[in-house]
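What follows is a single structure, written as structure tokens, with notes after it.
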Amino acid sequence: MSGDDSRSLRKVRKLALLLLGLQPSFGCGGDSGSTPAFQSNSVSVADSAASLKSETAESASATLVFENQDATLSSQIIAEPTYHLAPVFPPPPIPVDAPGGSQSANLAPQVSLIPESLQTEPTLRLKVDELEASAQADTLPSAVAPQTAVTYSPAQIRAAYGLPPVPASLTGLSAAQAAQFGAGQTIYIVDAYHDLYAYSELTAFSQLFGLPACTNSTLAPTASLPLPSSTGNGATFYQVYATSSGGMTSTPPAYDANWAVESALDVQWAHAIAPLARIVLIEAPDASMAGMTGAIQLANRMGPGVVSMSFGANEASYVTSLDSYFKTTGMSYYAATGDNGAGLSWPAVSPNVVAVGGTSLSFAGSGSRSETVWSGTGGGVSAYQSRPGYQASTVPGMGSATRRSVADVAFNANPATGQYVAVIRNQTTPASYLPVSWVTAGGTSLSTPQWAALMAVANAMRAQAGKPALGDPHNPLYADLGSNSANYAASFLDVTQGNNGAGAANAAKAGYDTPTGLGTPNGLNFLNRLTGVSATPAPPACDRGQRQWPGGKPADLYDGSVQFQSLHLEPLRSSRRDDGEWERGGQLAEPRLGNLLGDLGRPG
């Protein structure tokens, strides 16, 4: 390589990084867009049982590697989930639901006293082993400022949100009744790494809370896709291992304790809301963007269905180029808005993804629920995504923002008003007996799979009405329900109290607001109205987020700026070589500045 070529290559590297402005901190539930790169704020129970503050910072790691004469530019960013656990173990679940019949629906949730020494304990990614150590160190409640955490069962959550109780027996259900529990639909849970006992945890959860048992099924890596339609009233569970290219493998990823908790949470609460739906847990090979987007691609190949994504990366200029992952016909996508207060994250910021925010729930087992903004929930106005047509000024409270606003909807997420999750820990230690630990979980990581499951139920009810699945549900949510005062009042609880940051822009108000979007769902009233609306047309195959070169090749770089159609946490994953061919895997192949920014042309 000549001296001039070397200098040009260095310019390209520098220019690409400057134009990209990409410093994503990646994790389940997402991180605030205002948080410095590779950091996320932990949340503690310091302020109250119903409102948690963002406090300490945890750093993920990133390594930029420049190597060999081909100037490989790669980025390896460690992704971590951002679920939350209350800092104390909850009382053991009352087994009144085990025989079936949802008896706990009429009871108040369980209450835990939080010792003074644990009231400032960070709840973000709290490990179960750390929870055990804290419990042994200090179990006395504070005499000065007592604080509590409450824990809801599936029956209580269903009652609070106006969903029908799960009957003691599913034998003899009519097709219309089975649809109210998600029969015939598929929910794809996308997580990273391997939860060895995901099915055992789901079984323990289902048995204790009187939910239908799932059949544990195996899918061969060579199986033909898409999956055959789900039939009958039996729930089926699949656990599959994705490759970074969107394929399947028989080799499970490595075990990771934090991601295993996230997987357990996602699977169990999707099942609690749609107990007759098929659940497919797709485990990415690692927590890189390459791994996560590979798992999303696999879900798209398996579809149709609903995808739940309890993870996120700080918003930056790359986000528009990844929208094509969320445009597969017959698929709906849900993602967590984040757990660090006001801020934007991908994939929730995509206009094709339903962004799910979080609330603090109050429900005593009878009467109506009340909800306020959970202080840790994400939300805000995008710096990069254009304002989508469904966020019209006719939606009450929408205002006149010129870019995409997040969230779209919300659900309970505060770990101080959390929900039971069954976890089998220490999965790398062989044992003949594997005890289940019951924890109180929260985060927008919790609200996301429940909204995904709710959409699976909506699609099941639409199928019974002879209507197609909704696909992208934004238009029905905003235009048919949000813009019609009668439909809105019946379909949503409008959350009007609380905030996730300073200033009026981060505060709840009547109608739409960024912390909670349109609000939280009113169960069957919401589902019945959604059943009656028209399906959203499939999005165009090519837009600014995915232009094409002549011949159909995706245009990853265009308009004189660096854009990424498949970022995979590897800047310049796709690049055009001097000979006109394209490289994958981060190969830059000695591009010259003119080739990158001048010779590529303008794809249509």
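Within each chain, counting starts at residue 1; across the structure tokens, chains are named A, B, ... in the order shown, with ligands numbered 1 upward in that order.
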Could you produce a table of the residues of region 255-363 of chain A lying within 10 Å of region 489-512 of chain A, with the nearest pair of atoms per residue and their separation in Å rounded to one decimal, using only C-alpha atoms, ordered by chain and increasing residue number, as a Markdown table?
```
| residue | atom | partner | partner_atom | distance |
| --- | --- | --- | --- | --- |
| A:Asp339 | CA | A:Asn500 | CA | 9.7 |
| A:Asn340 | CA | A:Asn500 | CA | 8.4 |
| A:Gly341 | CA | A:Asn500 | CA | 4.9 |
| A:Ala342 | CA | A:Asn500 | CA | 5.5 |
| A:Gly343 | CA | A:Gly501 | CA | 9.2 |
| A:Gly358 | CA | A:Asn500 | CA | 9.7 |
| A:Thr359 | CA | A:Val495 | CA | 8.3 |
| A:Ser360 | CA | A:Gly498 | CA | 9.4 |
```
For Ile296 (chain A), which of A:Val190, A:Ala456, A:Val280, A:Leu530 is the closest residue, counting only C-alpha atoms? A:Val190
Skipping near chain neighbours, those fewer than 5 positions away, what residues fall within 9 Å of Thr249 (chain A) using only C-alpha atoms, listed as a ChimeraX atom specification? /A:220-222,240-243
Measuring atom to atom with only C-alpha atoms, identify which of A:Gly162, A:Gly291, A:Gly523, A:Gly100 is nearest to Met455 (chain A). A:Gly523
How would you write, as an MDAnalysis selection string, the set of residues in region 89-229 of chain A that DSSP gives as strand (DSSP E)? chainID A and resid 110:114 147:152 186:192 214:217
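The nearest approach to Glu262 (chain A) among the residues A:Asp97, A:Asp513, A:Glu80, A:Asp286, with only C-alpha atoms taken into account, belongs to A:Glu80.
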Give me, as an mmCIF file with all heavy atoms, in the first residue's frame, the residues of region 252-310 of chain A that a backbone DSSP run labels helix (DSSP H, G or I).
```
data_model
loop_
_atom_site.group_PDB
_atom_site.id
_atom_site.type_symbol
_atom_site.label_atom_id
_atom_site.label_comp_id
_atom_site.auth_asym_id
_atom_site.auth_seq_id
_atom_site.Cartn_x
_atom_site.Cartn_y
_atom_site.Cartn_z
ATOM 1 N N ALA A 257 -25.559 -15.638 33.523
ATOM 2 C CA ALA A 257 -26.528 -15.572 34.621
ATOM 3 C C ALA A 257 -27.516 -14.423 34.438
ATOM 4 O O ALA A 257 -28.717 -14.583 34.693
ATOM 5 C CB ALA A 257 -25.788 -15.435 35.953
ATOM 6 N N ASN A 258 -27.045 -13.264 34.011
ATOM 7 C CA ASN A 258 -27.941 -12.126 33.853
ATOM 8 C C ASN A 258 -28.933 -12.342 32.721
ATOM 9 O O ASN A 258 -30.140 -12.097 32.864
ATOM 10 C CB ASN A 258 -27.140 -10.847 33.606
ATOM 11 C CG ASN A 258 -26.498 -10.322 34.877
ATOM 12 O OD1 ASN A 258 -26.896 -10.671 35.977
ATOM 13 N ND2 ASN A 258 -25.486 -9.484 34.713
ATOM 14 N N TRP A 259 -28.432 -12.790 31.578
ATOM 15 C CA TRP A 259 -29.331 -13.024 30.452
ATOM 16 C C TRP A 259 -30.309 -14.161 30.741
ATOM 17 O O TRP A 259 -31.436 -14.176 30.228
ATOM 18 C CB TRP A 259 -28.535 -13.311 29.181
ATOM 19 C CG TRP A 259 -28.045 -12.075 28.501
ATOM 20 C CD1 TRP A 259 -26.788 -11.561 28.541
ATOM 21 C CD2 TRP A 259 -28.813 -11.189 27.670
ATOM 22 N NE1 TRP A 259 -26.725 -10.409 27.787
ATOM 23 C CE2 TRP A 259 -27.944 -10.155 27.248
ATOM 24 C CE3 TRP A 259 -30.135 -11.170 27.248
ATOM 25 C CZ2 TRP A 259 -28.360 -9.118 26.420
ATOM 26 C CZ3 TRP A 259 -30.560 -10.131 26.428
ATOM 27 C CH2 TRP A 259 -29.676 -9.122 26.021
ATOM 28 N N ALA A 260 -29.889 -15.130 31.571
ATOM 29 C CA ALA A 260 -30.792 -16.218 31.925
ATOM 30 C C ALA A 260 -31.982 -15.699 32.718
ATOM 31 O O ALA A 260 -33.120 -16.143 32.520
ATOM 32 C CB ALA A 260 -30.044 -17.290 32.720
ATOM 33 N N VAL A 261 -31.750 -14.742 33.625
ATOM 34 C CA VAL A 261 -32.865 -14.125 34.344
ATOM 35 C C VAL A 261 -33.783 -13.410 33.368
ATOM 36 O O VAL A 261 -35.014 -13.512 33.450
ATOM 37 C CB VAL A 261 -32.348 -13.149 35.412
ATOM 38 C CG1 VAL A 261 -33.496 -12.360 36.040
ATOM 39 C CG2 VAL A 261 -31.589 -13.895 36.505
ATOM 40 N N GLU A 262 -33.203 -12.695 32.420
ATOM 41 C CA GLU A 262 -34.011 -11.984 31.427
ATOM 42 C C GLU A 262 -34.858 -12.951 30.608
ATOM 43 O O GLU A 262 -36.045 -12.712 30.359
ATOM 44 C CB GLU A 262 -33.100 -11.166 30.504
ATOM 45 C CG GLU A 262 -33.853 -10.328 29.497
ATOM 46 C CD GLU A 262 -34.781 -9.316 30.159
ATOM 47 O OE1 GLU A 262 -34.304 -8.548 30.994
ATOM 48 O OE2 GLU A 262 -35.979 -9.334 29.847
ATOM 49 N N SER A 263 -34.269 -14.055 30.173
ATOM 50 C CA SER A 263 -35.016 -15.033 29.390
ATOM 51 C C SER A 263 -36.162 -15.616 30.200
ATOM 52 O O SER A 263 -37.282 -15.774 29.695
ATOM 53 C CB SER A 263 -34.080 -16.155 28.924
ATOM 54 O OG SER A 263 -33.107 -15.663 28.028
ATOM 55 N N ALA A 264 -35.885 -15.959 31.463
ATOM 56 C CA ALA A 264 -36.931 -16.513 32.326
ATOM 57 C C ALA A 264 -38.087 -15.534 32.467
ATOM 58 O O ALA A 264 -39.264 -15.897 32.346
ATOM 59 C CB ALA A 264 -36.345 -16.860 33.695
ATOM 60 N N LEU A 265 -37.760 -14.281 32.725
ATOM 61 C CA LEU A 265 -38.769 -13.224 32.870
ATOM 62 C C LEU A 265 -39.621 -13.107 31.608
ATOM 63 O O LEU A 265 -40.865 -13.092 31.664
ATOM 64 C CB LEU A 265 -38.044 -11.922 33.183
ATOM 65 C CG LEU A 265 -38.781 -10.611 33.418
ATOM 66 C CD1 LEU A 265 -37.834 -9.633 34.109
ATOM 67 C CD2 LEU A 265 -39.284 -9.979 32.142
ATOM 68 N N ASP A 266 -38.977 -13.010 30.460
ATOM 69 C CA ASP A 266 -39.685 -12.786 29.199
ATOM 70 C C ASP A 266 -40.627 -13.942 28.867
ATOM 71 O O ASP A 266 -41.782 -13.736 28.491
ATOM 72 C CB ASP A 266 -38.681 -12.605 28.058
ATOM 73 C CG ASP A 266 -37.861 -11.335 28.199
ATOM 74 O OD1 ASP A 266 -38.276 -10.443 28.940
ATOM 75 O OD2 ASP A 266 -36.790 -11.247 27.568
ATOM 76 N N VAL A 267 -40.117 -15.160 28.989
ATOM 77 C CA VAL A 267 -40.903 -16.330 28.628
ATOM 78 C C VAL A 267 -42.106 -16.486 29.550
ATOM 79 O O VAL A 267 -43.241 -16.712 29.103
ATOM 80 C CB VAL A 267 -40.011 -17.594 28.669
ATOM 81 C CG1 VAL A 267 -40.858 -18.856 28.607
ATOM 82 C CG2 VAL A 267 -39.006 -17.574 27.519
ATOM 83 N N GLN A 268 -41.881 -16.361 30.846
ATOM 84 C CA GLN A 268 -42.955 -16.615 31.808
ATOM 85 C C GLN A 268 -44.086 -15.604 31.690
ATOM 86 O O GLN A 268 -45.270 -15.967 31.746
ATOM 87 C CB GLN A 268 -42.379 -16.627 33.220
ATOM 88 C CG GLN A 268 -41.501 -17.833 33.494
ATOM 89 C CD GLN A 268 -40.651 -17.709 34.746
ATOM 90 O OE1 GLN A 268 -41.059 -17.111 35.742
ATOM 91 N NE2 GLN A 268 -39.448 -18.268 34.705
ATOM 92 N N TRP A 269 -43.752 -14.335 31.478
ATOM 93 C CA TRP A 269 -44.821 -13.336 31.447
ATOM 94 C C TRP A 269 -45.485 -13.227 30.082
ATOM 95 O O TRP A 269 -46.647 -12.811 29.987
ATOM 96 C CB TRP A 269 -44.332 -12.006 31.992
ATOM 97 C CG TRP A 269 -44.366 -12.101 33.490
ATOM 98 C CD1 TRP A 269 -43.336 -12.414 34.327
ATOM 99 C CD2 TRP A 269 -45.529 -11.965 34.301
ATOM 100 N NE1 TRP A 269 -43.786 -12.480 35.628
ATOM 101 C CE2 TRP A 269 -45.124 -12.204 35.649
ATOM 102 C CE3 TRP A 269 -46.862 -11.667 34.053
ATOM 103 C CZ2 TRP A 269 -46.019 -12.152 36.719
ATOM 104 C CZ3 TRP A 269 -47.758 -11.619 35.121
ATOM 105 C CH2 TRP A 269 -47.336 -11.853 36.436
ATOM 106 N N ALA A 270 -44.814 -13.634 29.022
ATOM 107 C CA ALA A 270 -45.516 -13.785 27.750
ATOM 108 C C ALA A 270 -46.551 -14.898 27.880
ATOM 109 O O ALA A 270 -47.686 -14.783 27.402
ATOM 110 C CB ALA A 270 -44.523 -14.093 26.634
ATOM 111 N N HIS A 271 -46.170 -15.981 28.548
ATOM 112 C CA HIS A 271 -47.084 -17.107 28.755
ATOM 113 C C HIS A 271 -48.237 -16.715 29.678
ATOM 114 O O HIS A 271 -49.382 -17.156 29.472
ATOM 115 C CB HIS A 271 -46.317 -18.281 29.353
ATOM 116 C CG HIS A 271 -47.141 -19.520 29.555
ATOM 117 N ND1 HIS A 271 -47.808 -20.143 28.533
ATOM 118 C CD2 HIS A 271 -47.403 -20.256 30.672
ATOM 119 C CE1 HIS A 271 -48.448 -21.216 28.994
ATOM 120 N NE2 HIS A 271 -48.225 -21.292 30.293
ATOM 121 N N ALA A 272 -47.987 -15.875 30.666
ATOM 122 C CA ALA A 272 -49.041 -15.461 31.590
ATOM 123 C C ALA A 272 -50.135 -14.661 30.892
ATOM 124 O O ALA A 272 -51.311 -14.762 31.246
ATOM 125 C CB ALA A 272 -48.438 -14.641 32.728
ATOM 126 N N ILE A 273 -49.771 -13.865 29.897
ATOM 127 C CA ILE A 273 -50.750 -13.025 29.193
ATOM 128 C C ILE A 273 -51.400 -13.776 28.042
ATOM 129 O O ILE A 273 -52.584 -13.579 27.738
ATOM 130 C CB ILE A 273 -50.083 -11.732 28.690
ATOM 131 C CG1 ILE A 273 -49.480 -10.951 29.864
ATOM 132 C CG2 ILE A 273 -51.088 -10.856 27.947
ATOM 133 C CD1 ILE A 273 -50.483 -10.549 30.939
ATOM 134 N N MET A 289 -24.388 -6.783 18.548
ATOM 135 C CA MET A 289 -25.470 -6.449 17.639
ATOM 136 C C MET A 289 -25.593 -7.501 16.543
ATOM 137 O O MET A 289 -26.695 -7.829 16.096
ATOM 138 C CB MET A 289 -25.258 -5.069 17.031
ATOM 139 C CG MET A 289 -26.377 -4.614 16.126
ATOM 140 S SD MET A 289 -27.760 -3.825 16.961
ATOM 141 C CE MET A 289 -27.084 -2.213 17.375
ATOM 142 N N ALA A 290 -24.454 -8.054 16.106
ATOM 143 C CA ALA A 290 -24.503 -9.120 15.105
ATOM 144 C C ALA A 290 -25.324 -10.285 15.613
ATOM 145 O O ALA A 290 -26.148 -10.851 14.894
ATOM 146 C CB ALA A 290 -23.085 -9.575 14.754
ATOM 147 N N GLY A 291 -25.101 -10.650 16.878
ATOM 148 C CA GLY A 291 -25.863 -11.744 17.450
ATOM 149 C C GLY A 291 -27.332 -11.420 17.574
ATOM 150 O O GLY A 291 -28.200 -12.227 17.210
ATOM 151 N N MET A 292 -27.659 -10.224 18.059
ATOM 152 C CA MET A 292 -29.052 -9.864 18.302
ATOM 153 C C MET A 292 -29.830 -9.719 16.993
ATOM 154 O O MET A 292 -30.961 -10.187 16.873
ATOM 155 C CB MET A 292 -29.141 -8.573 19.108
ATOM 156 C CG MET A 292 -28.402 -8.594 20.447
ATOM 157 S SD MET A 292 -28.753 -10.010 21.495
ATOM 158 C CE MET A 292 -30.449 -9.707 21.956
ATOM 159 N N THR A 293 -29.234 -9.066 16.004
ATOM 160 C CA THR A 293 -29.944 -8.907 14.735
ATOM 161 C C THR A 293 -30.039 -10.230 13.986
ATOM 162 O O THR A 293 -30.996 -10.450 13.235
ATOM 163 C CB THR A 293 -29.278 -7.841 13.849
ATOM 164 O OG1 THR A 293 -27.881 -8.134 13.718
ATOM 165 C CG2 THR A 293 -29.460 -6.461 14.449
ATOM 166 N N GLY A 294 -29.081 -11.123 14.193
ATOM 167 C CA GLY A 294 -29.202 -12.456 13.631
ATOM 168 C C GLY A 294 -30.418 -13.179 14.188
ATOM 169 O O GLY A 294 -31.148 -13.864 13.457
ATOM 170 N N ALA A 295 -30.655 -13.015 15.498
ATOM 171 C CA ALA A 295 -31.818 -13.643 16.124
ATOM 172 C C ALA A 295 -33.122 -13.027 15.613
ATOM 173 O O ALA A 295 -34.126 -13.727 15.427
ATOM 174 C CB ALA A 295 -31.721 -13.506 17.641
ATOM 175 N N ILE A 296 -33.121 -11.708 15.371
ATOM 176 C CA ILE A 296 -34.311 -11.057 14.811
ATOM 177 C C ILE A 296 -34.582 -11.578 13.406
ATOM 178 O O ILE A 296 -35.734 -11.852 13.033
ATOM 179 C CB ILE A 296 -34.131 -9.532 14.810
ATOM 180 C CG1 ILE A 296 -34.049 -8.991 16.240
ATOM 181 C CG2 ILE A 296 -35.279 -8.849 14.067
ATOM 182 C CD1 ILE A 296 -33.595 -7.548 16.328
ATOM 183 N N GLN A 297 -33.529 -11.721 12.610
ATOM 184 C CA GLN A 297 -33.700 -12.262 11.262
ATOM 185 C C GLN A 297 -34.268 -13.671 11.300
ATOM 186 O O GLN A 297 -35.108 -14.038 10.462
ATOM 187 C CB GLN A 297 -32.354 -12.261 10.534
ATOM 188 C CG GLN A 297 -31.835 -10.886 10.187
ATOM 189 C CD GLN A 297 -30.471 -10.959 9.519
ATOM 190 O OE1 GLN A 297 -30.361 -11.283 8.346
ATOM 191 N NE2 GLN A 297 -29.428 -10.664 10.275
ATOM 192 N N LEU A 298 -33.831 -14.475 12.274
ATOM 193 C CA LEU A 298 -34.361 -15.825 12.398
ATOM 194 C C LEU A 298 -35.850 -15.782 12.742
ATOM 195 O O LEU A 298 -36.646 -16.558 12.185
ATOM 196 C CB LEU A 298 -33.587 -16.605 13.459
ATOM 197 C CG LEU A 298 -34.062 -18.039 13.716
ATOM 198 C CD1 LEU A 298 -34.065 -18.855 12.432
ATOM 199 C CD2 LEU A 298 -33.189 -18.704 14.796
ATOM 200 N N ALA A 299 -36.242 -14.891 13.641
ATOM 201 C CA ALA A 299 -37.667 -14.737 13.955
ATOM 202 C C ALA A 299 -38.451 -14.383 12.703
ATOM 203 O O ALA A 299 -39.539 -14.932 12.460
ATOM 204 C CB ALA A 299 -37.856 -13.667 15.030
ATOM 205 N N ASN A 300 -37.917 -13.498 11.880
ATOM 206 C CA ASN A 300 -38.601 -13.115 10.639
ATOM 207 C C ASN A 300 -38.763 -14.311 9.702
ATOM 208 O O ASN A 300 -39.783 -14.449 9.026
ATOM 209 C CB ASN A 300 -37.826 -12.006 9.935
ATOM 210 C CG ASN A 300 -37.935 -10.668 10.651
ATOM 211 O OD1 ASN A 300 -38.868 -10.435 11.411
ATOM 212 N ND2 ASN A 300 -36.967 -9.792 10.422
ATOM 213 N N ARG A 301 -37.771 -15.168 9.656
ATOM 214 C CA ARG A 301 -37.844 -16.351 8.812
ATOM 215 C C ARG A 301 -38.854 -17.355 9.359
ATOM 216 O O ARG A 301 -39.486 -18.091 8.596
ATOM 217 C CB ARG A 301 -36.465 -17.011 8.692
ATOM 218 C CG ARG A 301 -35.420 -16.187 7.947
ATOM 219 C CD ARG A 301 -34.086 -16.911 7.943
ATOM 220 N NE ARG A 301 -34.221 -18.238 7.344
ATOM 221 C CZ ARG A 301 -33.589 -19.319 7.783
ATOM 222 N NH1 ARG A 301 -32.782 -19.235 8.842
ATOM 223 N NH2 ARG A 301 -33.761 -20.470 7.189
ATOM 224 N N MET A 302 -39.019 -17.391 10.679
ATOM 225 C CA MET A 302 -39.947 -18.333 11.305
ATOM 226 C C MET A 302 -41.387 -17.868 11.237
ATOM 227 O O MET A 302 -42.295 -18.680 11.276
ATOM 228 C CB MET A 302 -39.566 -18.533 12.777
ATOM 229 C CG MET A 302 -38.308 -19.309 13.002
ATOM 230 S SD MET A 302 -38.000 -19.496 14.777
ATOM 231 C CE MET A 302 -36.776 -20.796 14.760
#
```
Selection near Gly184 (chain A), 10 Å with only C-alpha atoms, sequence-local residues under 4 positions removed, as a ChimeraX atom specification: /A:175,178-179,229-235,276-278,305,456-457,459-461,463
Pull C-alpha atoms from the residues just selected and write them as a PDB file, in the first residue's frame.
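Below is the file result_26.pdb, written as the result:
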```pdb
ATOM      1  CA  ALA A 175     -62.617 -21.311  19.565  1.00  0.00           C
ATOM      2  CA  ALA A 178     -59.420 -20.002  23.297  1.00  0.00           C
ATOM      3  CA  ALA A 179     -58.580 -16.972  21.172  1.00  0.00           C
ATOM      4  CA  SER A 229     -49.234 -22.796  11.752  1.00  0.00           C
ATOM      5  CA  SER A 230     -49.908 -23.387  15.426  1.00  0.00           C
ATOM      6  CA  THR A 231     -53.088 -25.414  15.853  1.00  0.00           C
ATOM      7  CA  GLY A 232     -55.239 -26.572  18.742  1.00  0.00           C
ATOM      8  CA  ASN A 233     -55.491 -25.221  22.259  1.00  0.00           C
ATOM      9  CA  GLY A 234     -52.205 -26.575  23.578  1.00  0.00           C
ATOM     10  CA  ALA A 235     -49.254 -24.289  24.304  1.00  0.00           C
ATOM     11  CA  LEU A 276     -52.268 -20.800  24.805  1.00  0.00           C
ATOM     12  CA  ALA A 277     -49.813 -19.170  22.398  1.00  0.00           C
ATOM     13  CA  ARG A 278     -46.749 -20.924  21.055  1.00  0.00           C
ATOM     14  CA  GLY A 305     -45.983 -13.808  14.768  1.00  0.00           C
ATOM     15  CA  ALA A 456     -50.802 -12.221  20.008  1.00  0.00           C
ATOM     16  CA  VAL A 457     -54.194 -12.419  21.723  1.00  0.00           C
ATOM     17  CA  ASN A 459     -54.362 -11.521  16.400  1.00  0.00           C
ATOM     18  CA  ALA A 460     -56.046 -14.686  17.682  1.00  0.00           C
ATOM     19  CA  MET A 461     -59.311 -12.804  18.195  1.00  0.00           C
ATOM     20  CA  ALA A 463     -58.488 -14.703  13.210  1.00  0.00           C
TER      21      ALA A 463
END
```
Between A:Val96, A:Ala160, A:Leu344, A:Leu454, single out the one closest to Ser370 (chain A), counting only C-alpha atoms. A:Ala160
Interatomic distance, CA of Ser405 (chain A) to CA of Ala458 (chain A) (Å, one decimal):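 According to the coordinates, CA of Ser405 (chain A) and CA of Ala458 (chain A) are separated by 24.1 Å.
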Between A:Thr123, A:Tyr420, A:Ala383, A:Ser104, smallest distance to Phe205 (chain A) by only C-alpha atoms belongs to A:Tyr420
Have a look at CA of Thr448 (chain A) and CA of Ile189 (chain A) and let me know their distance in Å, one decimal.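 About the pair CA of Thr448 (chain A) and CA of Ile189 (chain A): they are 10.1 Å apart.
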Which residue out of A:Arg369, A:Lys327, A:His194, A:His84 has the minimum interatomic distance to Ala287 (chain A) when only C-alpha atoms are used? A:His194
For Ala149 (chain A), list every protein, DNA or RNA residue within 7 Å, evaluated using only C-alpha atoms, and leave out those in the same chain fewer than 3 positions away; present the list as a PyMOL selection string. chain A and resi 49+86+111-113+416-417
